[in-house]
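Scroll down for the structure; my scribbles are underneath it.
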Amino acid sequence: MSRTNMRICHVTTAHSADDVRIFERECKSLAEITEYDVYLAATGTLPESKDIHFISLGSQGKHRMSRLLRAPARSLCFAHLTRFDIWHFHDPELLPAALDLAVRGQCVIWDAHEDYPNQFERHGAKDWIPEPIRGVLGMGLQFLLKSIDQRAQAIIAATPGIASSYRNPNTVIVGNEARIEDFTRCDPSPTSKRILFTGSLTSNHCFPEVVEAIRALPELTLAVAGRRPPEQTWTSAKLQLGERIIHLGWLNRSDLADAIESSLLGLVTYKGTSAYMDEQ
């Protein structure tokens, strides 16, 4: 499959190989418009693709804290055992490996697709990071982000607001928009009674509110596309909607287009928290 000697590797331990932003919007797009050989090092299973090489990083573990502690050593080991012309890192726990490579003269790109300090301080830290070490980890994260800002060849930011927090002259905004070409044939059905929900079944994605809204409209059915929902969340939704809610599972681009065509409208919802709002 090799088309050139130049090789670029996207590395993620927080996201699975089929993550839409990384696989579809970055790796796949990159392979289509450049002559680079594109690799993706991640957990899970890569969707079928003739253009992307997949390197399995094994299981990421069931708990975030376990991943946070294990990922730096795993990624450093991986980086020392392999060689690429360009490294593209995606997760804050990979910052030590990214910095190690940058210091050693490797070409490193840092992907800032979330506002990590804000996420840490206002959201995730309360749930899964032990309180005694939150302050230390927070300061460490700020130090690592400042260091990668200075040493990375480029920063890829998801929003203008995130981009404004970096001083790297090669900071580029790559939004989290869909690849339009994947959905050009979509024509939602005006006679359908089905509402399509895509996203995590969590309060941050307003799933309880969506279920409540559908319950008030007995003529409608809610179809959920995505990974297997948490048992408690799904049980609660089934109690409210009964047979009027169905789980479609994880859909590839073609199947998602089919689901859109057979639905009246689609919902992608987020709470208006600072983690999801960017006014710049």
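Naming scheme: A, B, ... for chains in displayed order of the structure tokens; residues 1 onward per chain; ligands 1 onward as shown.
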inquiry  = Excluding stretch 220-228 of chain A and its own-chain neighbours fewer than 2 positions away, which residues fall within 7 Å of it when counting only C-alpha atoms? Please give them as an NGL selection string.
reply    = :A and (193-199 or 214 or 217-218 or 230 or 244-251)
Could you take the residues named above and write them with N, CA, C and O atoms, as a PDB file, in the first residue's frame?
```pdb
ATOM      1  N   LYS A 193     -42.037   8.953  11.264  1.00  0.00           N
ATOM      2  CA  LYS A 193     -42.366   9.291  12.651  1.00  0.00           C
ATOM      3  C   LYS A 193     -41.185   9.006  13.571  1.00  0.00           C
ATOM      4  O   LYS A 193     -41.334   8.926  14.786  1.00  0.00           O
ATOM      5  N   ARG A 194     -40.002   8.854  12.982  1.00  0.00           N
ATOM      6  CA  ARG A 194     -38.825   8.491  13.768  1.00  0.00           C
ATOM      7  C   ARG A 194     -37.885   9.678  13.934  1.00  0.00           C
ATOM      8  O   ARG A 194     -37.581  10.384  12.986  1.00  0.00           O
ATOM      9  N   ILE A 195     -37.415   9.879  15.166  1.00  0.00           N
ATOM     10  CA  ILE A 195     -36.424  10.902  15.491  1.00  0.00           C
ATOM     11  C   ILE A 195     -35.098  10.190  15.744  1.00  0.00           C
ATOM     12  O   ILE A 195     -35.032   9.243  16.535  1.00  0.00           O
ATOM     13  N   LEU A 196     -34.043  10.636  15.086  1.00  0.00           N
ATOM     14  CA  LEU A 196     -32.733   9.993  15.201  1.00  0.00           C
ATOM     15  C   LEU A 196     -31.850  10.787  16.160  1.00  0.00           C
ATOM     16  O   LEU A 196     -31.627  11.985  15.971  1.00  0.00           O
ATOM     17  N   PHE A 197     -31.359  10.109  17.200  1.00  0.00           N
ATOM     18  CA  PHE A 197     -30.462  10.729  18.180  1.00  0.00           C
ATOM     19  C   PHE A 197     -29.069  10.145  18.008  1.00  0.00           C
ATOM     20  O   PHE A 197     -28.881   8.926  18.052  1.00  0.00           O
ATOM     21  N   THR A 198     -28.069  11.005  17.810  1.00  0.00           N
ATOM     22  CA  THR A 198     -26.677  10.557  17.739  1.00  0.00           C
ATOM     23  C   THR A 198     -25.873  11.294  18.806  1.00  0.00           C
ATOM     24  O   THR A 198     -25.957  12.519  18.919  1.00  0.00           O
ATOM     25  N   GLY A 199     -25.123  10.564  19.576  1.00  0.00           N
ATOM     26  CA  GLY A 199     -24.346  11.167  20.657  1.00  0.00           C
ATOM     27  C   GLY A 199     -24.345  10.255  21.870  1.00  0.00           C
ATOM     28  O   GLY A 199     -24.967   9.196  21.890  1.00  0.00           O
ATOM     29  N   ILE A 214     -39.736  13.120  23.830  1.00  0.00           N
ATOM     30  CA  ILE A 214     -40.370  12.099  22.999  1.00  0.00           C
ATOM     31  C   ILE A 214     -41.547  11.465  23.740  1.00  0.00           C
ATOM     32  O   ILE A 214     -42.578  11.129  23.137  1.00  0.00           O
ATOM     33  N   LEU A 217     -44.696  13.148  23.099  1.00  0.00           N
ATOM     34  CA  LEU A 217     -45.177  13.107  21.714  1.00  0.00           C
ATOM     35  C   LEU A 217     -45.387  11.651  21.325  1.00  0.00           C
ATOM     36  O   LEU A 217     -44.530  11.025  20.692  1.00  0.00           O
ATOM     37  N   PRO A 218     -46.511  11.059  21.707  1.00  0.00           N
ATOM     38  CA  PRO A 218     -46.731   9.614  21.570  1.00  0.00           C
ATOM     39  C   PRO A 218     -46.712   9.084  20.144  1.00  0.00           C
ATOM     40  O   PRO A 218     -46.597   7.877  19.937  1.00  0.00           O
ATOM     41  N   PRO A 230     -25.194   2.790  28.673  1.00  0.00           N
ATOM     42  CA  PRO A 230     -25.122   2.265  30.040  1.00  0.00           C
ATOM     43  C   PRO A 230     -26.447   1.614  30.425  1.00  0.00           C
ATOM     44  O   PRO A 230     -27.519   2.121  30.089  1.00  0.00           O
ATOM     45  N   ARG A 244     -41.144   2.448  21.913  1.00  0.00           N
ATOM     46  CA  ARG A 244     -40.926   3.634  21.079  1.00  0.00           C
ATOM     47  C   ARG A 244     -39.476   4.117  21.101  1.00  0.00           C
ATOM     48  O   ARG A 244     -39.181   5.209  20.627  1.00  0.00           O
ATOM     49  N   ILE A 245     -38.581   3.299  21.648  1.00  0.00           N
ATOM     50  CA  ILE A 245     -37.158   3.614  21.585  1.00  0.00           C
ATOM     51  C   ILE A 245     -36.401   2.377  21.125  1.00  0.00           C
ATOM     52  O   ILE A 245     -36.656   1.261  21.581  1.00  0.00           O
ATOM     53  N   ILE A 246     -35.492   2.561  20.169  1.00  0.00           N
ATOM     54  CA  ILE A 246     -34.696   1.453  19.637  1.00  0.00           C
ATOM     55  C   ILE A 246     -33.233   1.873  19.582  1.00  0.00           C
ATOM     56  O   ILE A 246     -32.914   3.056  19.390  1.00  0.00           O
ATOM     57  N   HIS A 247     -32.351   0.895  19.774  1.00  0.00           N
ATOM     58  CA  HIS A 247     -30.914   1.152  19.710  1.00  0.00           C
ATOM     59  C   HIS A 247     -30.377   0.577  18.413  1.00  0.00           C
ATOM     60  O   HIS A 247     -30.431  -0.632  18.189  1.00  0.00           O
ATOM     61  N   LEU A 248     -29.834   1.430  17.556  1.00  0.00           N
ATOM     62  CA  LEU A 248     -29.327   1.007  16.252  1.00  0.00           C
ATOM     63  C   LEU A 248     -27.897   0.511  16.307  1.00  0.00           C
ATOM     64  O   LEU A 248     -27.413  -0.111  15.366  1.00  0.00           O
ATOM     65  N   GLY A 249     -27.202   0.789  17.421  1.00  0.00           N
ATOM     66  CA  GLY A 249     -25.803   0.397  17.536  1.00  0.00           C
ATOM     67  C   GLY A 249     -24.892   1.400  16.842  1.00  0.00           C
ATOM     68  O   GLY A 249     -25.304   2.456  16.365  1.00  0.00           O
ATOM     69  N   TRP A 250     -23.604   1.032  16.787  1.00  0.00           N
ATOM     70  CA  TRP A 250     -22.618   1.897  16.136  1.00  0.00           C
ATOM     71  C   TRP A 250     -22.755   1.758  14.631  1.00  0.00           C
ATOM     72  O   TRP A 250     -22.689   0.655  14.088  1.00  0.00           O
ATOM     73  N   LEU A 251     -22.925   2.865  13.916  1.00  0.00           N
ATOM     74  CA  LEU A 251     -23.171   2.846  12.478  1.00  0.00           C
ATOM     75  C   LEU A 251     -21.981   3.417  11.714  1.00  0.00           C
ATOM     76  O   LEU A 251     -21.416   4.443  12.110  1.00  0.00           O
TER      77      LEU A 251
END
```
query = as a PyMOL selection string, which residues of stretch 7-232 of chain A does DSSP assign to strand (DSSP E)?
reply = chain A and resi 7-16+37-43+52-56+86-89+107-112+154-157+171-173+194-198+221-225
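Checking A:Ile8, A:Ala259, A:Met139, A:Ile156 one by one against A:Thr34, counting only C-alpha atoms, you find the shortest gap at A:Ile8.
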request  = Run DSSP on the backbone of this structure and report the residues of stretch 224-274 of chain A it assigns to alpha helix (DSSP H), as a PyMOL selection string.
outcome  = chain A and resi 231-241+253-261
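Using only C-alpha atoms, the shortest contact distance between A:Ala152 and any of A:Tyr270, A:Trp110, A:Phe207, A:Trp234 is found at A:Trp110.
Counting only C-alpha atoms, the residue from A:Ile52, A:Ala178, A:Met6, A:Ala154 that sits nearest to A:Glu32 is A:Ile52.
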